[in-house]
$ cat model-v4.cif   # mmCIF, C-alpha atoms and all ligand atoms
data_target
loop_
_atom_site.label_atom_id
_atom_site.label_comp_id
_atom_site.auth_asym_id
_atom_site.auth_seq_id
_atom_site.Cartn_x
_atom_site.Cartn_y
_atom_site.Cartn_z
CA MET A 1315 -24.54 7.90 -4.59
CA THR A 1316 -21.34 5.90 -4.04
CA THR A 1317 -18.57 7.31 -6.27
CA LEU A 1318 -16.72 4.05 -6.74
CA ALA A 1319 -17.98 0.51 -6.22
CA VAL A 1320 -15.60 -2.36 -6.88
CA ASP A 1321 -17.53 -5.61 -6.62
CA ASP A 1322 -16.00 -9.07 -6.28
CA ILE A 1323 -13.14 -8.59 -8.74
CA HIS A 1324 -10.60 -11.22 -9.65
CA LEU A 1325 -7.40 -10.27 -11.50
CA HIS A 1326 -4.72 -12.54 -12.93
CA TYR A 1327 -1.17 -12.15 -14.19
CA GLY A 1328 -0.99 -15.23 -16.40
CA ALA A 1329 -1.91 -18.14 -14.14
CA ALA A 1330 -1.22 -16.22 -10.91
CA GLU A 1331 -4.29 -14.75 -9.19
CA ALA A 1332 -3.40 -11.34 -7.65
CA LEU A 1333 -6.95 -10.34 -6.61
CA ARG A 1334 -9.41 -12.88 -5.25
CA GLY A 1335 -12.90 -11.45 -4.96
CA VAL A 1336 -12.06 -7.91 -3.83
CA SER A 1337 -14.90 -5.47 -3.06
CA VAL A 1338 -14.22 -1.84 -2.09
CA LYS A 1339 -16.36 1.30 -1.98
CA ALA A 1340 -15.40 4.97 -1.97
CA GLU A 1341 -18.09 7.44 -0.90
CA PRO A 1342 -18.36 11.07 -2.10
CA ALA A 1343 -16.26 13.65 -0.25
CA SER A 1344 -14.41 11.02 1.77
CA ILE A 1345 -10.95 9.50 2.00
CA THR A 1346 -10.75 5.72 1.71
CA CYS A 1347 -7.44 4.09 2.46
CA VAL A 1348 -6.28 0.64 1.35
CA LEU A 1349 -3.47 -0.74 3.50
CA GLY A 1350 -1.40 -3.89 3.30
CA ARG A 1351 2.10 -5.26 3.25
CA ASN A 1352 4.25 -5.42 0.10
CA GLY A 1353 2.89 -7.56 -2.68
CA VAL A 1354 -0.62 -8.18 -1.30
CA GLY A 1355 -2.32 -6.68 -4.38
CA LYS A 1356 -2.86 -2.98 -3.62
CA THR A 1357 -1.43 -1.69 -6.89
CA SER A 1358 -3.26 -4.44 -8.79
CA LEU A 1359 -6.52 -3.15 -7.30
CA LEU A 1360 -5.71 0.34 -8.57
CA ARG A 1361 -4.80 -1.08 -12.01
CA ALA A 1362 -8.22 -2.72 -12.16
CA ILE A 1363 -9.92 0.60 -11.32
CA THR A 1364 -7.89 2.70 -13.75
CA GLY A 1365 -8.15 0.15 -16.57
CA GLN A 1366 -4.42 -0.59 -16.75
CA HIS A 1367 -5.06 -4.30 -16.30
CA PRO A 1368 -8.23 -6.24 -17.21
CA VAL A 1369 -10.22 -8.00 -14.52
CA SER A 1370 -11.05 -11.67 -15.00
CA SER A 1371 -14.45 -11.23 -13.36
CA GLY A 1372 -16.41 -8.83 -11.17
CA SER A 1373 -17.35 -5.22 -11.83
CA VAL A 1374 -16.15 -1.66 -11.28
CA ASP A 1375 -18.85 1.05 -11.20
CA PHE A 1376 -17.90 4.71 -11.20
CA ASP A 1377 -20.29 7.62 -10.72
CA GLY A 1378 -23.31 5.35 -11.17
CA ALA A 1379 -22.24 3.55 -14.37
CA ALA A 1380 -20.16 0.44 -15.13
CA LEU A 1381 -16.65 1.00 -16.47
CA ASN A 1382 -16.65 -2.40 -18.20
CA ASN A 1383 -13.70 -2.56 -20.59
CA GLN A 1384 -13.08 1.17 -20.95
CA PRO A 1385 -9.40 2.04 -21.57
CA PRO A 1386 -7.49 4.22 -19.08
CA TYR A 1387 -7.83 7.44 -21.15
CA ALA A 1388 -11.62 7.08 -21.25
CA ARG A 1389 -11.69 6.58 -17.47
CA ALA A 1390 -9.51 9.68 -17.03
CA ALA A 1391 -11.92 11.66 -19.20
CA ARG A 1392 -14.82 10.43 -17.03
CA GLY A 1393 -13.16 11.82 -13.91
CA ILE A 1394 -10.67 9.32 -12.52
CA GLY A 1395 -7.40 11.14 -11.71
CA VAL A 1396 -4.33 9.09 -10.84
CA VAL A 1397 -1.13 9.80 -8.92
CA PRO A 1398 0.95 6.70 -9.73
CA GLN A 1399 3.45 4.94 -7.52
CA GLY A 1400 6.88 6.46 -8.17
CA ARG A 1401 5.19 9.66 -9.45
CA GLU A 1402 6.10 9.16 -13.14
CA ILE A 1403 7.07 12.77 -13.74
CA PHE A 1404 8.56 13.51 -17.19
CA PRO A 1405 12.10 14.52 -16.16
CA LEU A 1406 12.94 16.56 -19.26
CA LEU A 1407 9.66 18.49 -19.40
CA THR A 1408 9.23 21.62 -17.30
CA VAL A 1409 6.88 21.72 -14.32
CA GLU A 1410 4.38 23.66 -16.46
CA GLU A 1411 4.61 21.13 -19.30
CA ASN A 1412 4.20 18.27 -16.85
CA LEU A 1413 1.02 19.91 -15.53
CA GLU A 1414 -0.20 20.45 -19.09
CA THR A 1415 0.01 16.74 -19.86
CA GLY A 1416 -3.17 16.58 -17.76
CA PHE A 1417 -4.95 18.55 -20.52
CA ALA A 1418 -5.02 15.48 -22.78
CA CYS A 1419 -8.34 14.24 -21.41
CA LEU A 1420 -10.02 17.68 -21.33
CA GLY A 1421 -12.03 19.58 -23.95
CA ARG A 1422 -10.25 22.59 -25.49
CA ARG A 1423 -12.08 25.17 -23.39
CA SER A 1424 -11.18 23.59 -20.04
CA ARG A 1425 -7.46 23.39 -20.79
CA THR A 1426 -6.26 25.61 -17.95
CA ILE A 1427 -4.40 24.88 -14.74
CA PRO A 1428 -6.90 25.33 -11.89
CA PRO A 1429 -5.67 27.97 -9.39
CA GLU A 1430 -6.10 25.57 -6.46
CA VAL A 1431 -3.06 23.62 -7.73
CA PHE A 1432 -0.85 26.59 -6.86
CA GLU A 1433 -2.83 27.44 -3.71
CA LEU A 1434 -2.21 23.92 -2.40
CA PHE A 1435 1.37 23.65 -3.64
CA PRO A 1436 2.86 27.18 -4.01
CA VAL A 1437 6.30 25.69 -4.75
CA LEU A 1438 5.04 24.55 -8.16
CA GLU A 1439 4.26 28.12 -9.22
CA THR A 1440 7.75 29.28 -8.30
CA MET A 1441 9.27 26.40 -10.28
CA LEU A 1442 7.11 26.47 -13.41
CA SER A 1443 10.03 26.65 -15.83
CA ARG A 1444 12.27 24.15 -14.01
CA ARG A 1445 12.63 20.64 -15.39
CA GLY A 1446 10.64 17.95 -13.59
CA GLY A 1447 13.78 15.88 -13.11
CA ASP A 1448 15.43 18.70 -11.15
CA LEU A 1449 12.75 18.70 -8.43
CA SER A 1450 13.14 16.88 -5.10
CA GLY A 1451 11.10 13.72 -4.52
CA GLY A 1452 8.58 15.64 -2.41
CA GLN A 1453 8.21 18.40 -5.01
CA GLN A 1454 7.71 15.75 -7.69
CA GLN A 1455 4.97 14.17 -5.58
CA GLN A 1456 3.25 17.56 -5.32
CA LEU A 1457 3.62 17.95 -9.09
CA ALA A 1458 2.09 14.50 -9.67
CA ILE A 1459 -0.91 15.47 -7.50
CA GLY A 1460 -1.16 18.82 -9.31
CA ARG A 1461 -1.11 17.08 -12.69
CA ALA A 1462 -3.95 14.79 -11.58
CA LEU A 1463 -5.97 17.81 -10.37
CA VAL A 1464 -5.56 19.46 -13.79
CA THR A 1465 -7.79 16.69 -15.18
CA ARG A 1466 -10.64 17.92 -12.86
CA PRO A 1467 -11.19 14.49 -11.27
CA LYS A 1468 -14.23 13.39 -9.27
CA LEU A 1469 -12.16 10.53 -7.88
CA LEU A 1470 -8.49 11.02 -7.03
CA ILE A 1471 -6.46 7.83 -6.70
CA LEU A 1472 -3.01 7.91 -5.08
CA ASP A 1473 -0.58 4.99 -4.88
CA GLU A 1474 1.71 5.37 -1.84
CA PRO A 1475 2.08 9.18 -1.97
CA THR A 1476 4.27 9.26 1.15
CA GLU A 1477 6.85 6.76 -0.14
CA GLY A 1478 10.33 8.25 0.17
CA ILE A 1479 9.02 11.74 1.03
CA GLN A 1480 10.31 13.95 3.85
CA PRO A 1481 7.98 14.51 6.85
CA SER A 1482 7.28 18.23 6.22
CA ILE A 1483 6.04 17.50 2.70
CA ILE A 1484 4.02 14.51 3.92
CA LYS A 1485 2.22 17.01 6.19
CA ASP A 1486 1.59 19.35 3.22
CA ILE A 1487 0.20 16.46 1.19
CA GLY A 1488 -2.04 15.39 4.08
CA ARG A 1489 -3.37 18.94 4.43
CA ALA A 1490 -3.98 19.17 0.67
CA LEU A 1491 -5.94 15.90 0.64
CA SER A 1492 -8.09 16.99 3.63
CA TYR A 1493 -8.79 20.31 1.90
CA LEU A 1494 -9.75 18.58 -1.35
CA ARG A 1495 -12.16 16.32 0.53
CA ASP A 1496 -13.66 18.96 2.82
CA THR A 1497 -13.78 21.98 0.53
CA ALA A 1498 -13.85 20.63 -3.00
CA GLY A 1499 -15.87 17.51 -2.09
CA LEU A 1500 -13.43 15.20 -3.86
CA THR A 1501 -13.58 11.44 -3.38
CA ILE A 1502 -10.11 10.12 -2.58
CA LEU A 1503 -8.81 6.55 -2.70
CA LEU A 1504 -5.40 6.10 -1.21
CA VAL A 1505 -3.07 3.11 -1.14
CA GLU A 1506 -0.59 3.43 1.71
CA GLN A 1507 1.84 1.61 3.94
CA TYR A 1508 2.25 4.54 6.35
CA LEU A 1509 -0.23 3.70 9.10
CA ASP A 1510 -0.25 7.03 10.99
CA PHE A 1511 -0.91 8.98 7.78
CA CYS A 1512 -3.98 6.80 7.12
CA ARG A 1513 -5.15 6.90 10.73
CA GLU A 1514 -5.13 10.70 10.64
CA LEU A 1515 -6.63 11.23 7.21
CA ALA A 1516 -8.93 8.38 6.31
CA ASP A 1517 -12.64 8.04 6.88
CA ARG A 1518 -12.66 4.36 6.04
CA VAL A 1519 -9.89 1.79 5.76
CA TYR A 1520 -9.57 -1.56 4.02
CA ILE A 1521 -6.76 -3.97 4.78
CA MET A 1522 -5.58 -6.41 2.13
CA ASP A 1523 -3.67 -9.63 2.52
CA ARG A 1524 -2.77 -12.08 -0.25
CA GLY A 1525 -5.20 -10.68 -2.78
CA GLU A 1526 -8.16 -10.41 -0.41
CA ILE A 1527 -9.76 -7.80 1.82
CA VAL A 1528 -9.26 -9.09 5.37
CA HIS A 1529 -10.69 -6.10 7.26
CA SER A 1530 -12.80 -3.01 6.55
CA GLY A 1531 -14.06 -0.36 8.91
CA PRO A 1532 -13.60 3.21 10.19
CA ALA A 1533 -10.03 4.54 10.44
CA GLN A 1534 -10.21 4.27 14.26
CA ASP A 1535 -10.07 0.47 13.81
CA LEU A 1536 -6.33 0.94 13.20
CA ASP A 1537 -5.97 1.52 16.96
CA ASN A 1538 -7.02 -2.09 17.52
CA PRO A 1539 -3.99 -4.43 17.82
CA ASP A 1540 -5.92 -7.29 16.18
CA VAL A 1541 -6.49 -5.12 13.13
CA ARG A 1542 -2.90 -3.89 13.07
CA ALA A 1543 -1.71 -7.51 13.18
CA HIS A 1544 -2.75 -7.85 9.52
CA LEU A 1545 -0.04 -5.33 8.67
CA MET A 1546 2.83 -7.01 10.53
CA VAL A 1547 5.40 -8.90 8.50
N1 LIG B 1 2.98 -7.20 -14.03
C1 LIG B 1 2.99 -8.26 -13.22
N2 LIG B 1 3.20 -9.51 -13.69
C2 LIG B 1 3.20 -10.57 -12.86
N3 LIG B 1 2.97 -10.52 -11.54
C3 LIG B 1 2.74 -9.31 -11.01
C4 LIG B 1 2.74 -8.10 -11.81
N4 LIG B 1 2.49 -7.06 -11.00
C5 LIG B 1 2.34 -7.56 -9.76
N5 LIG B 1 2.49 -8.90 -9.76
C6 LIG B 1 2.36 -9.80 -8.59
O1 LIG B 1 1.04 -9.64 -8.08
C7 LIG B 1 1.05 -9.61 -6.66
C8 LIG B 1 0.43 -8.30 -6.17
O2 LIG B 1 1.29 -7.21 -6.56
P1 LIG B 1 0.90 -5.67 -6.31
O3 LIG B 1 1.95 -4.84 -6.98
O4 LIG B 1 -0.50 -5.45 -6.69
O5 LIG B 1 1.05 -5.57 -4.72
P2 LIG B 1 1.19 -4.29 -3.80
O6 LIG B 1 0.41 -4.61 -2.58
O7 LIG B 1 0.82 -3.07 -4.56
O8 LIG B 1 2.74 -4.28 -3.48
P3 LIG B 1 3.73 -3.03 -3.26
O9 LIG B 1 3.38 -2.47 -1.91
O10 LIG B 1 5.08 -3.70 -3.27
O11 LIG B 1 3.51 -2.08 -4.38
C9 LIG B 1 2.50 -9.80 -6.24
O12 LIG B 1 2.69 -11.16 -5.96
C10 LIG B 1 3.29 -9.38 -7.46
O13 LIG B 1 4.51 -10.07 -7.53
#

$ encode --input "model-v4.cif" --output "structure tokens"
Amino acid sequence: MTTLAVDDIHLHYGAAEALRGVSVKAEPASITCVLGRNGVGKTSLLRAITGQHPVSSGSVDFDGAALNNQPPYARAARGIGVVPQGREIFPLLTVEENLETGFACLGRRSRTIPPEVFELFPVLETMLSRRGGDLSGGQQQQLAIGRALVTRPKLLILDEPTEGIQPSIIKDIGRALSYLRDTAGLTILLVEQYLDFCRELADRVYIMDRGEIVHSGPAQDLDNPDVRAHLMV
């Protein structure tokens, strides 16, 4: 069963239409990557999936059932984990407290930090009592992914996880996402501008332009200059 099926959604900010009939699917245990230049609607698509902005029409089905008008916290409780653009770490909370904010959508008995968070990102364990704001950008990105994993997601959504991150940590993040797909069977939906990262990781790619999907296919399609042309400024 398809984990996520976005079907023909339209989304408006006032009179401006940011999404014009967008359809996207994410299959179980796979990485789906949405690419596109600045301002084409990638974050708006994620807002529609996470419930942070209402859609004007169309549907979003998750795990076999419609999400309709469910608020973001209900979607998180159903298994949609989010790593937002800019990470949104609480700077004055410790690393441990930041991870524990993921407990909010869990029942009392599941309120533990899964060991895989520290297996994937050992630096977080060594920095548990440090303040989030004292971490480097790359460490904060790892923390944001760890916090999303605490919610035990079936679908992990990441908005530009490589933005402003040093190459060695981008590699760590890539390895972590492959592991989560291959070993934990997680479904991953990734918005990115970094083409090589997507080419290496993704199973399927979608390219957006001006609120529409202009190409979809296997990640190898990114080798095709005609496909890459959609990403040129
Ligand atoms: N809160 C908002 N109110 C009004 N317009 C918005 C809002 N958020 C985004 N937009 C507009 O909607 C369009 C799509 O923006 P969106 O952030 O979804 O694009 P994006 O592809 O994620 O861009 P980026 O790569 O810069 O994050 C843009 O024209 C943007 O200016």

$ closest_residue --input "model-v4.cif" --among "A:Lys1468, A:Arg1524, A:Arg1444, A:His1324" --to "ligand LIG 1 (chain B)" --atoms "only C-alpha atoms and all ligand atoms"
A:Arg1524

$ residues_near_ligand --input "model-v4.cif" --ligand "ligand LIG 1 (chain B)" --cutoff "12 Å" --atoms "all atoms listed in the file" --output "PDB file with C-alpha atoms, in the coordinates of the input"
ATOM      1  CA  HIS A1324     -10.600 -11.220  -9.650  1.00  0.00           C
ATOM      2  CA  LEU A1325      -7.400 -10.270 -11.500  1.00  0.00           C
ATOM      3  CA  HIS A1326      -4.720 -12.540 -12.930  1.00  0.00           C
ATOM      4  CA  TYR A1327      -1.170 -12.150 -14.190  1.00  0.00           C
ATOM      5  CA  GLY A1328      -0.990 -15.230 -16.400  1.00  0.00           C
ATOM      6  CA  ALA A1329      -1.910 -18.140 -14.140  1.00  0.00           C
ATOM      7  CA  ALA A1330      -1.220 -16.220 -10.910  1.00  0.00           C
ATOM      8  CA  GLU A1331      -4.290 -14.750  -9.190  1.00  0.00           C
ATOM      9  CA  ALA A1332      -3.400 -11.340  -7.650  1.00  0.00           C
ATOM     10  CA  LEU A1333      -6.950 -10.340  -6.610  1.00  0.00           C
ATOM     11  CA  ARG A1334      -9.410 -12.880  -5.250  1.00  0.00           C
ATOM     12  CA  VAL A1348      -6.280   0.640   1.350  1.00  0.00           C
ATOM     13  CA  LEU A1349      -3.470  -0.740   3.500  1.00  0.00           C
ATOM     14  CA  GLY A1350      -1.400  -3.890   3.300  1.00  0.00           C
ATOM     15  CA  ARG A1351       2.100  -5.260   3.250  1.00  0.00           C
ATOM     16  CA  ASN A1352       4.250  -5.420   0.100  1.00  0.00           C
ATOM     17  CA  GLY A1353       2.890  -7.560  -2.680  1.00  0.00           C
ATOM     18  CA  VAL A1354      -0.620  -8.180  -1.300  1.00  0.00           C
ATOM     19  CA  GLY A1355      -2.320  -6.680  -4.380  1.00  0.00           C
ATOM     20  CA  LYS A1356      -2.860  -2.980  -3.620  1.00  0.00           C
ATOM     21  CA  THR A1357      -1.430  -1.690  -6.890  1.00  0.00           C
ATOM     22  CA  SER A1358      -3.260  -4.440  -8.790  1.00  0.00           C
ATOM     23  CA  LEU A1359      -6.520  -3.150  -7.300  1.00  0.00           C
ATOM     24  CA  LEU A1360      -5.710   0.340  -8.570  1.00  0.00           C
ATOM     25  CA  ARG A1361      -4.800  -1.080 -12.010  1.00  0.00           C
ATOM     26  CA  ALA A1362      -8.220  -2.720 -12.160  1.00  0.00           C
ATOM     27  CA  GLN A1366      -4.420  -0.590 -16.750  1.00  0.00           C
ATOM     28  CA  HIS A1367      -5.060  -4.300 -16.300  1.00  0.00           C
ATOM     29  CA  PRO A1368      -8.230  -6.240 -17.210  1.00  0.00           C
ATOM     30  CA  PRO A1398       0.950   6.700  -9.730  1.00  0.00           C
ATOM     31  CA  GLN A1399       3.450   4.940  -7.520  1.00  0.00           C
ATOM     32  CA  GLY A1400       6.880   6.460  -8.170  1.00  0.00           C
ATOM     33  CA  LEU A1472      -3.010   7.910  -5.080  1.00  0.00           C
ATOM     34  CA  ASP A1473      -0.580   4.990  -4.880  1.00  0.00           C
ATOM     35  CA  GLU A1474       1.710   5.370  -1.840  1.00  0.00           C
ATOM     36  CA  PRO A1475       2.080   9.180  -1.970  1.00  0.00           C
ATOM     37  CA  GLU A1477       6.850   6.760  -0.140  1.00  0.00           C
ATOM     38  CA  LEU A1504      -5.400   6.100  -1.210  1.00  0.00           C
ATOM     39  CA  VAL A1505      -3.070   3.110  -1.140  1.00  0.00           C
ATOM     40  CA  GLU A1506      -0.590   3.430   1.710  1.00  0.00           C
ATOM     41  CA  GLN A1507       1.840   1.610   3.940  1.00  0.00           C
ATOM     42  CA  TYR A1508       2.250   4.540   6.350  1.00  0.00           C
ATOM     43  CA  ILE A1521      -6.760  -3.970   4.780  1.00  0.00           C
ATOM     44  CA  MET A1522      -5.580  -6.410   2.130  1.00  0.00           C
ATOM     45  CA  ASP A1523      -3.670  -9.630   2.520  1.00  0.00           C
ATOM     46  CA  ARG A1524      -2.770 -12.080  -0.250  1.00  0.00           C
ATOM     47  CA  GLY A1525      -5.200 -10.680  -2.780  1.00  0.00           C
ATOM     48  CA  GLU A1526      -8.160 -10.410  -0.410  1.00  0.00           C
ATOM     49  CA  ILE A1527      -9.760  -7.800   1.820  1.00  0.00           C
ATOM     50  CA  LEU A1545      -0.040  -5.330   8.670  1.00  0.00           C
TER      51      LEU A1545
END

$ atom_distance --input "model-v4.cif" --atom1 "atom CA of A:Arg1542" --atom2 "atom CA of A:Arg1518"
14.6 Å

$ closest_residue --input "model-v4.cif" --among "A:Glu1411, A:Glu1402, A:Asp1322, A:Asp1517" --to "A:Ala1458" --atoms "all atoms listed in the file"
A:Glu1402

$ closest_residue --input "model-v4.cif" --among "A:Ser1344, A:Ser1450, A:Thr1440, A:Thr1415" --to "A:Leu1463" --atoms "all atoms listed in the file"
A:Thr1415

$ closest_residue --input "model-v4.cif" --among "A:Ala1391, A:Pro1532, A:Pro1385, A:Val1320" --to "A:Ser1424" --atoms "only C-alpha atoms"
A:Ala1391

$ atom_distance --input "model-v4.cif" --atom1 "atom CA of A:Leu1500" --atom2 "atom CA of A:Thr1317"
9.7 Å

$ atom_distance --input "model-v4.cif" --atom1 "atom CA of A:Asp1377" --atom2 "atom CA of A:Ile1502"
13.3 Å

$ closest_residue --input "model-v4.cif" --among "A:Ile1403, A:Ala1340, A:Ala1418, A:Leu1494" --to "A:Leu1457" --atoms "only C-alpha atoms"
A:Ile1403

$ residues_around --input "model-v4.cif" --residues "A:Arg1489" --least-positions-apart "3" --cutoff "12 Å" --atoms "all atoms listed in the file" --output "VMD selection string"
chain A and resid 1433 to 1435 1456 1482 to 1486 1492 to 1497 1511 1514 to 1515

$ write_last_selection --input "model-v4.cif" --atoms "C-alpha atoms" --output "compact mmCIF listing (two decimals), in the coordinates of the input"
# COMPACT_ATOMS: atom_id res chain seq x y z
CA GLU A 1433 -2.83 27.44 -3.71
CA LEU A 1434 -2.21 23.92 -2.40
CA PHE A 1435 1.37 23.65 -3.64
CA GLN A 1456 3.25 17.56 -5.32
CA SER A 1482 7.28 18.23 6.22
CA ILE A 1483 6.04 17.50 2.70
CA ILE A 1484 4.02 14.51 3.92
CA LYS A 1485 2.22 17.01 6.19
CA ASP A 1486 1.59 19.35 3.22
CA SER A 1492 -8.09 16.99 3.63
CA TYR A 1493 -8.79 20.31 1.90
CA LEU A 1494 -9.75 18.58 -1.35
CA ARG A 1495 -12.16 16.32 0.53
CA ASP A 1496 -13.66 18.96 2.82
CA THR A 1497 -13.78 21.98 0.53
CA PHE A 1511 -0.91 8.98 7.78
CA GLU A 1514 -5.13 10.70 10.64
CA LEU A 1515 -6.63 11.23 7.21

$ residues_near_point --input "model-v4.cif" --point "(-14.1, 17.6, -9.0)" --cutoff "8 Å" --atoms "all atoms listed in the file" --output "ChimeraX atom specification"
/A:1393,1466-1469,1498-1500

$ closest_residue --input "model-v4.cif" --among "A:Arg1401, A:Arg1461, A:Arg1425, A:His1544" --to "A:Ser1530" --atoms "all atoms listed in the file"
A:His1544

$ residues_around --input "model-v4.cif" --residues "A:Ser1371" --least-positions-apart "2" --cutoff "7 Å" --atoms "all atoms listed in the file" --output "PDB file with C-alpha atoms, keeping the file's coordinate frame"
ATOM      1  CA  ILE A1323     -13.140  -8.590  -8.740  1.00  0.00           C
ATOM      2  CA  HIS A1324     -10.600 -11.220  -9.650  1.00  0.00           C
ATOM      3  CA  VAL A1369     -10.220  -8.000 -14.520  1.00  0.00           C
ATOM      4  CA  SER A1373     -17.350  -5.220 -11.830  1.00  0.00           C
TER       5      SER A1373
END

$ residues_around --input "model-v4.cif" --residues "A:Thr1316" --least-positions-apart "2" --cutoff "8 Å" --atoms "only C-alpha atoms" --output "PyMOL selection string"
chain A and resi 1318-1319+1339-1342+1377-1378

$ axis_aligned_box --input "model-v4.cif" --around "stretch 1365-1368 of chain A" --padding-each-side "6 Å" --output "AutoDock Vina command-line options"
--center_x -6.3 --center_y -3.0 --center_z -16.8 --size_x 15.8 --size_y 18.4 --size_z 12.9

$ decode --input "model-v4.cif" --residues "stretch 1367-1437 of chain A" --atoms "C-alpha atoms" --output "tab-separated table (two decimals), in the first residue's frame"
chain	number	residue	atom	x	y	z
A	1367	HIS	CA	-1.81	25.10	5.64
A	1368	PRO	CA	-5.25	24.05	4.34
A	1369	VAL	CA	-5.66	22.88	0.76
A	1370	SER	CA	-8.31	24.55	-1.39
A	1371	SER	CA	-9.10	21.26	-3.14
A	1372	GLY	CA	-7.69	17.78	-3.72
A	1373	SER	CA	-6.84	15.09	-1.18
A	1374	VAL	CA	-3.98	13.77	0.94
A	1375	ASP	CA	-4.18	10.08	1.94
A	1376	PHE	CA	-1.76	8.65	4.47
A	1377	ASP	CA	-1.42	4.98	5.38
A	1378	GLY	CA	-4.65	4.12	3.56
A	1379	ALA	CA	-6.91	6.83	5.05
A	1380	ALA	CA	-7.71	10.44	4.16
A	1381	LEU	CA	-6.16	13.14	6.34
A	1382	ASN	CA	-8.97	15.60	5.48
A	1383	ASN	CA	-8.76	18.56	7.85
A	1384	GLN	CA	-6.73	16.92	10.61
A	1385	PRO	CA	-4.49	19.38	12.49
A	1386	PRO	CA	-0.69	18.92	12.48
A	1387	TYR	CA	-0.55	17.29	15.95
A	1388	ALA	CA	-3.06	14.63	14.89
A	1389	ARG	CA	-1.00	13.90	11.77
A	1390	ALA	CA	2.14	13.63	13.91
A	1391	ALA	CA	0.35	11.17	16.19
A	1392	ARG	CA	-0.65	9.11	13.12
A	1393	GLY	CA	2.98	8.78	12.08
A	1394	ILE	CA	4.07	11.80	10.07
A	1395	GLY	CA	7.45	13.02	11.40
A	1396	VAL	CA	8.79	16.36	10.20
A	1397	VAL	CA	12.26	17.90	9.98
A	1398	PRO	CA	11.44	21.53	9.13
A	1399	GLN	CA	13.41	23.91	6.98
A	1400	GLY	CA	15.82	25.82	9.23
A	1401	ARG	CA	15.63	22.96	11.79
A	1402	GLU	CA	13.63	24.89	14.43
A	1403	ILE	CA	15.66	23.65	17.37
A	1404	PHE	CA	14.78	25.24	20.74
A	1405	PRO	CA	18.04	27.09	21.46
A	1406	LEU	CA	17.65	27.32	25.24
A	1407	LEU	CA	16.57	23.70	25.77
A	1408	THR	CA	19.21	20.99	26.09
A	1409	VAL	CA	19.71	18.37	23.39
A	1410	GLU	CA	17.86	15.86	25.59
A	1411	GLU	CA	14.96	18.25	26.16
A	1412	ASN	CA	14.79	19.00	22.44
A	1413	LEU	CA	14.53	15.26	21.75
A	1414	GLU	CA	11.87	14.91	24.43
A	1415	THR	CA	9.64	17.46	22.72
A	1416	GLY	CA	8.96	14.59	20.30
A	1417	PHE	CA	7.18	12.77	23.16
A	1418	ALA	CA	4.18	15.11	22.88
A	1419	CYS	CA	2.41	12.95	20.30
A	1420	LEU	CA	3.20	9.61	22.00
A	1421	GLY	CA	1.33	7.62	24.66
A	1422	ARG	CA	2.96	7.60	28.11
A	1423	ARG	CA	4.48	4.14	27.75
A	1424	SER	CA	6.29	4.90	24.49
A	1425	ARG	CA	7.96	8.06	25.81
A	1426	THR	CA	11.56	6.94	25.39
A	1427	ILE	CA	14.30	7.98	23.00
A	1428	PRO	CA	14.81	5.06	20.57
A	1429	PRO	CA	18.44	3.81	20.68
A	1430	GLU	CA	18.79	4.16	16.89
A	1431	VAL	CA	18.83	7.96	17.33
A	1432	PHE	CA	22.20	7.67	19.08
A	1433	GLU	CA	23.40	4.85	16.82
A	1434	LEU	CA	22.81	7.07	13.78
A	1435	PHE	CA	24.03	10.28	15.39
A	1436	PRO	CA	26.48	9.44	18.23
A	1437	VAL	CA	27.33	13.13	18.66
